[in-house]
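Text of work35.txt, listed as compact mmCIF, C-alpha atoms:
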```txt
# COMPACT_ATOMS: atom_id res chain seq x y z
CA ASP M 1 11.86 9.62 4.14
CA ALA M 2 11.37 8.23 7.61
CA LYS M 3 12.13 4.52 7.80
CA THR M 4 10.19 1.99 9.78
CA THR M 5 11.38 -1.18 11.46
CA GLN M 6 9.09 -4.08 12.28
CA PRO M 7 9.67 -7.64 13.47
CA PRO M 8 9.41 -10.04 10.53
CA SER M 9 6.87 -12.32 12.19
CA MET M 10 4.64 -12.76 15.22
CA ASP M 11 2.23 -15.39 16.48
CA CYS M 12 -0.94 -14.79 18.42
CA ALA M 13 -3.59 -17.07 19.90
CA GLU M 14 -7.11 -16.55 18.65
CA GLY M 15 -9.13 -14.34 20.98
CA ARG M 16 -6.07 -12.72 22.49
CA ALA M 17 -4.81 -9.24 21.76
CA ALA M 18 -2.18 -8.91 19.06
CA ASN M 19 0.33 -6.12 19.70
CA LEU M 20 2.42 -5.25 16.66
CA PRO M 21 5.33 -2.88 17.27
CA CYS M 22 6.93 -0.44 14.87
CA ASN M 23 9.96 1.82 15.22
CA HIS M 24 10.14 5.07 13.26
CA SER M 25 12.86 6.98 15.07
CA THR M 26 13.50 9.45 12.22
CA ILE M 27 9.90 10.54 11.81
CA SER M 28 9.32 14.24 11.22
CA GLY M 29 6.86 16.35 13.15
CA ASN M 30 4.28 16.51 10.37
CA GLU M 31 4.46 12.90 9.24
CA TYR M 32 1.63 10.52 10.01
CA VAL M 33 1.94 6.87 10.91
CA TYR M 34 -0.27 4.57 8.84
CA TRP M 35 -1.00 0.90 9.26
CA TYR M 36 -2.13 -1.40 6.47
CA ARG M 37 -2.48 -5.12 6.22
CA GLN M 38 -2.27 -7.47 3.26
CA ILE M 39 -3.93 -10.81 3.18
CA HIS M 40 -2.22 -13.17 0.79
CA SER M 41 -2.66 -12.27 -2.88
CA GLN M 42 -4.93 -9.32 -2.16
CA GLY M 43 -4.42 -5.56 -2.20
CA PRO M 44 -3.43 -3.91 1.08
CA GLN M 45 -6.23 -2.80 3.35
CA TYR M 46 -6.11 0.42 5.35
CA ILE M 47 -6.41 -0.09 9.10
CA ILE M 48 -5.72 3.11 10.98
CA HIS M 49 -3.48 6.16 11.13
CA GLY M 50 -2.38 8.76 13.62
CA LEU M 51 -0.13 11.75 14.20
CA LYS M 52 0.39 12.23 17.92
CA ASN M 53 -2.62 11.00 19.81
CA ASN M 54 -3.71 7.44 20.28
CA GLU M 55 -6.43 6.38 17.87
CA THR M 56 -9.11 3.71 17.90
CA ASN M 57 -11.55 2.50 15.29
CA GLU M 58 -13.63 -0.59 14.70
CA MET M 59 -10.62 -2.55 13.53
CA ALA M 60 -7.79 -1.64 15.86
CA SER M 61 -6.11 0.79 18.23
CA LEU M 62 -2.94 2.72 17.54
CA ILE M 63 -0.67 3.74 20.39
CA ILE M 64 2.01 6.30 19.54
CA THR M 65 4.73 7.07 22.05
CA GLU M 66 5.09 10.62 23.27
CA ASP M 67 8.35 11.13 21.37
CA ARG M 68 6.65 9.59 18.29
CA LYS M 69 9.62 7.34 17.64
CA SER M 70 7.58 4.17 17.88
CA SER M 71 4.02 2.93 17.77
CA THR M 72 2.01 -0.21 18.44
CA LEU M 73 -0.97 -1.52 16.55
CA ILE M 74 -3.35 -3.44 18.77
CA LEU M 75 -5.90 -5.92 17.49
CA PRO M 76 -7.92 -6.43 20.67
CA HIS M 77 -9.37 -9.87 19.91
CA ALA M 78 -7.45 -11.49 17.09
CA THR M 79 -9.23 -13.99 14.86
CA LEU M 80 -7.94 -16.39 12.24
CA ARG M 81 -9.02 -13.88 9.57
CA ASP M 82 -6.51 -11.40 10.97
CA THR M 83 -3.65 -13.54 9.71
CA ALA M 84 -1.87 -11.21 7.29
CA VAL M 85 1.23 -9.09 6.73
CA TYR M 86 0.93 -5.84 8.66
CA TYR M 87 2.73 -2.78 7.36
CA CYS M 88 3.67 0.26 9.41
CA ILE M 89 4.25 3.22 7.11
CA VAL M 90 5.22 6.84 7.54
CA ARG M 91 3.38 8.99 5.09
CA VAL M 92 5.43 11.43 3.07
CA ALA M 93 3.51 14.34 1.63
CA VAL M 94 4.39 15.20 -1.96
CA THR M 95 4.43 18.53 -3.76
CA GLY M 96 0.98 19.43 -5.01
CA GLY M 97 -0.79 17.15 -2.60
CA GLY M 98 -0.92 13.41 -2.26
CA ASN M 99 1.02 10.92 -0.25
CA LYS M 100 3.77 8.50 -0.98
CA LEU M 101 3.45 5.41 1.08
CA THR M 102 6.77 3.63 1.35
CA PHE M 103 6.15 0.06 2.39
CA GLY M 104 8.73 -1.98 4.27
CA THR M 105 8.63 -5.75 4.58
CA GLY M 106 6.05 -5.68 7.37
CA THR M 107 5.22 -8.20 10.09
CA GLN M 108 3.67 -11.54 9.20
CA LEU M 109 1.05 -12.09 11.90
CA LYS M 110 -0.14 -15.65 12.29
CA VAL M 111 -3.22 -16.16 14.43
CA GLU M 112 -3.60 -19.71 15.67
CA LEU M 113 -6.24 -21.67 17.51
CA SER T 1 -18.91 5.41 -2.52
CA GLN T 2 -15.54 5.21 -4.17
CA THR T 3 -14.35 2.11 -5.95
CA ILE T 4 -11.20 1.19 -7.77
CA HIS T 5 -11.08 -1.24 -10.66
CA GLN T 6 -7.96 -2.94 -11.88
CA TRP T 7 -7.68 -5.48 -14.65
CA PRO T 8 -6.84 -8.10 -15.64
CA ALA T 9 -6.48 -10.13 -12.46
CA THR T 10 -3.85 -12.40 -13.95
CA LEU T 11 -1.71 -12.14 -17.04
CA VAL T 12 0.91 -14.33 -18.66
CA GLN T 13 3.03 -12.60 -21.28
CA PRO T 14 6.11 -13.66 -23.26
CA VAL T 15 9.40 -11.84 -22.92
CA GLY T 16 9.59 -8.93 -25.34
CA SER T 17 5.85 -8.44 -25.60
CA PRO T 18 4.12 -5.16 -24.71
CA LEU T 19 2.13 -4.57 -21.56
CA SER T 20 -0.85 -2.42 -20.69
CA LEU T 21 -2.53 -2.54 -17.28
CA GLU T 22 -5.44 -0.27 -16.61
CA CYS T 23 -6.82 1.16 -13.42
CA THR T 24 -9.91 3.32 -13.02
CA VAL T 25 -11.45 4.98 -10.01
CA GLU T 26 -15.11 5.80 -9.52
CA GLY T 27 -16.91 8.04 -7.09
CA THR T 28 -14.24 10.69 -6.61
CA SER T 29 -12.57 13.44 -8.59
CA ASN T 30 -8.94 14.46 -8.88
CA PRO T 31 -7.61 11.47 -6.98
CA ASN T 32 -3.94 10.86 -6.44
CA LEU T 33 -3.05 7.63 -8.21
CA TYR T 34 -0.27 5.15 -7.58
CA TRP T 35 1.24 2.03 -9.13
CA TYR T 36 3.03 -0.43 -6.86
CA ARG T 37 4.80 -3.68 -7.61
CA GLN T 38 5.33 -6.58 -5.26
CA ALA T 39 7.87 -9.24 -6.20
CA ALA T 40 7.33 -12.72 -4.80
CA GLY T 41 7.94 -12.73 -1.04
CA ARG T 42 8.82 -9.05 -0.98
CA GLY T 43 7.23 -5.81 0.16
CA LEU T 44 5.48 -3.29 -2.04
CA GLN T 45 7.59 -0.96 -4.13
CA LEU T 46 6.15 2.35 -5.33
CA LEU T 47 6.70 2.65 -9.08
CA PHE T 48 4.77 5.75 -10.11
CA TYR T 49 2.43 8.31 -8.63
CA SER T 50 0.30 11.02 -10.15
CA VAL T 51 -1.34 14.05 -8.58
CA GLY T 52 -3.15 15.11 -11.76
CA ILE T 53 -3.80 14.46 -15.45
CA GLY T 54 -0.57 14.15 -17.36
CA GLN T 55 1.53 14.46 -14.19
CA ILE T 56 3.58 11.35 -13.59
CA SER T 57 6.43 10.90 -11.14
CA SER T 58 8.65 7.87 -11.36
CA GLU T 59 10.16 6.45 -8.22
CA VAL T 60 12.59 3.92 -9.66
CA PRO T 61 14.34 3.52 -13.02
CA GLN T 62 12.82 0.61 -14.84
CA ASN T 63 11.38 -0.88 -17.96
CA LEU T 64 7.90 0.47 -17.30
CA SER T 65 6.06 3.72 -17.90
CA ALA T 66 2.81 5.19 -16.64
CA SER T 67 0.24 7.54 -18.11
CA ARG T 68 -2.83 9.33 -16.86
CA PRO T 69 -4.94 10.24 -19.89
CA GLN T 70 -8.03 11.03 -17.83
CA ASP T 71 -8.65 12.19 -14.29
CA ARG T 72 -9.59 8.77 -12.97
CA GLN T 73 -7.61 6.52 -15.29
CA PHE T 74 -4.07 5.32 -14.69
CA ILE T 75 -2.23 3.05 -17.11
CA LEU T 76 0.96 1.07 -16.62
CA SER T 77 2.79 0.12 -19.79
CA SER T 78 5.86 -1.49 -21.20
CA LYS T 79 7.07 -1.75 -24.79
CA LYS T 80 9.06 -4.94 -24.19
CA LEU T 81 8.62 -7.03 -21.09
CA LEU T 82 11.55 -8.56 -19.24
CA LEU T 83 11.50 -11.63 -17.03
CA SER T 84 12.23 -9.35 -14.08
CA ASP T 85 8.95 -7.51 -14.69
CA SER T 86 7.04 -10.45 -13.24
CA GLY T 87 5.20 -9.60 -10.05
CA PHE T 88 2.01 -8.46 -8.41
CA TYR T 89 1.00 -5.00 -9.61
CA LEU T 90 -1.27 -2.88 -7.50
CA CYS T 91 -3.04 0.35 -8.32
CA ALA T 92 -4.14 2.67 -5.52
CA TRP T 93 -5.82 6.02 -5.08
CA SER T 94 -5.99 8.55 -2.29
CA GLY T 95 -7.34 11.99 -1.56
CA ALA T 96 -4.90 14.84 -1.08
CA TYR T 97 -4.08 13.88 2.49
CA THR T 98 -6.06 10.72 3.12
CA GLU T 99 -5.39 7.04 3.32
CA ALA T 100 -4.85 5.07 0.13
CA PHE T 101 -7.24 2.46 -1.21
CA PHE T 102 -5.88 -0.39 -3.25
CA GLY T 103 -7.25 -2.43 -6.11
CA GLN T 104 -7.15 -6.20 -6.06
CA GLY T 105 -4.01 -6.36 -8.15
CA THR T 106 -2.76 -7.98 -11.35
CA ARG T 107 -0.46 -10.95 -11.14
CA LEU T 108 1.89 -10.73 -14.11
CA THR T 109 4.05 -13.65 -15.15
CA VAL T 110 6.56 -13.03 -17.89
CA VAL T 111 7.66 -16.26 -19.55
```

What is this structure when it is put down as structure tokens?
Amino acid sequence: DAKTTQPPSMDCAEGRAANLPCNHSTISGNEYVYWYRQIHSQGPQYIIHGLKNNETNEMASLIITEDRKSSTLILPHATLRDTAVYYCIVRVAVTGGGNKLTFGTGTQLKVEL
Amino acid sequence: SQTIHQWPATLVQPVGSPLSLECTVEGTSNPNLYWYRQAAGRGLQLLFYSVGIGQISSEVPQNLSASRPQDRQFILSSKKLLLSDSGFYLCAWSGAYTEAFFGQGTRLTVV
């Protein structure tokens, strides 16, 4: 399974962009990069995923380097409600369909006034 | 739309007692189902996953077991709880190659 490495914590001022990095240097060609976040004592929430191209949705943007060994999740205008642990995950397909999501320890993002 | 239900939200059980946590999914068929555990201050650990009725794969050796008696029902069980079984248990579902959606979790305290 590809491993991911993230900084344990980051701070961001409210209204500014939050850029969360992730290294996944052993990723395979058919493995997707997923991002989830977990607000304290809740279930993780899906944010975005991508394979090769950059992706954008209503929550965030995902920038994947050309060699796919790292990616950055961008929250364009962070708010206090974005304070959470952010997980970068490489999806591993399993026999018969389905995905195993192996969570690391993530990045604790703290958005401050 | 699809929804996932997980109960109870909190549970306090004595050491040596049995455990049964239930998870059900609505609005989809043949989902892939997952049980995760999160110890205090730690990341999520995948315990079991299932790609179909009666098909259970275990990720780590432990004191727990899982069953899938129906297509959209996933049960986590233990015959005798240990103190180390305390944690935040999360059920999730996904399509064959889609993102996973998580329930709100059960906080289990074994005393």

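CA of Arg68 in chain M sits 27.8 Å away from CA of Gly43 in chain M.
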
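Checking M:Asp67, M:Leu101, M:Thr56, M:Arg81 one by one against chain T, counting only C-alpha atoms, you find the shortest gap at M:Leu101.
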
Discussion item. Would you mind listing, as a PyMOL selection string, all residues of chain T that have at least one atom within 10 Å of chain M, where all atoms listed in the file are what counts?
Written reply: chain T and resi 31-34+36+41-46+48-52+59+88-107

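What separates CA of Leu51 in chain M from CA of Glu31 in chain M is a distance of 6.9 Å.
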
Centre and edges of the range 25-40 of chain T box, axis-aligned, 3 Å extra per side, as JSON:
```
{"center_x": -4.5, "center_y": 0.9, "center_z": -7.4, "size_x": 30.8, "size_y": 33.2, "size_z": 11.2}
```

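When the distance limit is 8 Å and all atoms listed in the file are what count, the residues near range 14-29 of chain T, minus those fewer than 3 positions from it on the same chain, are Ser1, Gln2, Thr3, Ile4, His5, Gln6, Trp7, Pro8, Asp71, Arg72, Gln73, Phe74, Ile75, Leu76, Ser77, Ser78, Lys79, Lys80, Leu81, Leu82, Leu83, Cys91, Trp93, Val110 and Val111 of chain T.
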
Worksheet entry | Selection: 9 Å around Leu113 in chain M, all atoms listed in the file, excl. self and same-chain fewer than 3 positions, as a VMD selection string | chain M and resid 12 to 15 79 to 80

Fill in: Exercise: Ile74 in chain M partners within 10 Å, all atoms listed in the file, chain neighbours under 5 positions left out, as a ChimeraX atom specification
/M:17-21,56,59-63

Give me range 51-62 of chain T with all heavy atoms filled in, as a short mmCIF file (atom, residue, chain, number, x, y, z; two decimals), keeping the file's coordinate frame.
```cif
data_model
loop_
_atom_site.label_atom_id
_atom_site.label_comp_id
_atom_site.auth_asym_id
_atom_site.auth_seq_id
_atom_site.Cartn_x
_atom_site.Cartn_y
_atom_site.Cartn_z
N VAL T 51 -0.45 13.16 -9.32
CA VAL T 51 -1.34 14.05 -8.58
C VAL T 51 -2.31 14.76 -9.52
O VAL T 51 -3.14 15.55 -9.06
CB VAL T 51 -0.56 15.07 -7.73
CG1 VAL T 51 0.28 14.35 -6.69
CG2 VAL T 51 0.32 15.95 -8.61
N GLY T 52 -2.22 14.49 -10.83
CA GLY T 52 -3.15 15.11 -11.76
C GLY T 52 -2.95 14.58 -13.17
O GLY T 52 -1.98 13.86 -13.45
N ILE T 53 -3.87 14.93 -14.06
CA ILE T 53 -3.80 14.46 -15.45
C ILE T 53 -2.47 14.86 -16.07
O ILE T 53 -2.04 16.02 -15.96
CB ILE T 53 -4.95 15.05 -16.28
CG1 ILE T 53 -6.30 14.55 -15.77
CG2 ILE T 53 -4.79 14.69 -17.77
CD1 ILE T 53 -7.49 15.19 -16.45
N GLY T 54 -1.83 13.89 -16.68
CA GLY T 54 -0.57 14.15 -17.36
C GLY T 54 0.63 14.33 -16.45
O GLY T 54 1.76 14.53 -16.92
N GLN T 55 0.43 14.28 -15.15
CA GLN T 55 1.53 14.46 -14.19
C GLN T 55 1.93 13.10 -13.62
O GLN T 55 1.18 12.50 -12.87
CB GLN T 55 1.10 15.39 -13.05
CG GLN T 55 0.69 16.78 -13.50
CD GLN T 55 0.24 17.62 -12.32
OE1 GLN T 55 1.00 17.85 -11.37
NE2 GLN T 55 -0.99 18.09 -12.35
N ILE T 56 3.10 12.65 -14.01
CA ILE T 56 3.58 11.35 -13.59
C ILE T 56 4.95 11.52 -12.96
O ILE T 56 5.82 12.17 -13.53
CB ILE T 56 3.71 10.37 -14.78
CG1 ILE T 56 2.41 10.34 -15.59
CG2 ILE T 56 4.12 8.99 -14.28
CD1 ILE T 56 1.24 9.76 -14.85
N SER T 57 5.12 10.93 -11.79
CA SER T 57 6.43 10.90 -11.14
C SER T 57 6.87 9.46 -11.01
O SER T 57 6.10 8.61 -10.58
CB SER T 57 6.36 11.55 -9.76
OG SER T 57 6.04 12.91 -9.87
N SER T 58 8.11 9.21 -11.41
CA SER T 58 8.65 7.87 -11.36
C SER T 58 9.55 7.73 -10.15
O SER T 58 10.36 8.62 -9.87
CB SER T 58 9.46 7.58 -12.63
OG SER T 58 10.10 6.32 -12.54
N GLU T 59 9.39 6.65 -9.44
CA GLU T 59 10.16 6.45 -8.22
C GLU T 59 11.45 5.66 -8.46
O GLU T 59 12.43 5.85 -7.75
CB GLU T 59 9.31 5.71 -7.18
CG GLU T 59 8.25 6.59 -6.55
CD GLU T 59 8.87 7.72 -5.75
OE1 GLU T 59 9.47 7.46 -4.69
OE2 GLU T 59 8.77 8.88 -6.19
N VAL T 60 11.42 4.75 -9.42
CA VAL T 60 12.59 3.92 -9.66
C VAL T 60 12.81 3.77 -11.16
O VAL T 60 11.85 3.71 -11.92
CB VAL T 60 12.45 2.52 -9.01
CG1 VAL T 60 12.43 2.63 -7.50
CG2 VAL T 60 11.20 1.82 -9.50
N PRO T 61 14.07 3.75 -11.59
CA PRO T 61 14.34 3.52 -13.02
C PRO T 61 13.96 2.09 -13.38
O PRO T 61 14.25 1.17 -12.63
CB PRO T 61 15.85 3.74 -13.13
CG PRO T 61 16.37 3.51 -11.76
CD PRO T 61 15.31 3.93 -10.81
N GLN T 62 13.31 1.94 -14.53
CA GLN T 62 12.82 0.61 -14.84
C GLN T 62 12.36 0.55 -16.28
O GLN T 62 12.43 1.55 -17.01
CB GLN T 62 11.66 0.28 -13.92
CG GLN T 62 10.51 1.28 -14.06
CD GLN T 62 9.60 1.22 -12.86
OE1 GLN T 62 9.06 0.16 -12.58
NE2 GLN T 62 9.44 2.33 -12.17
#
```
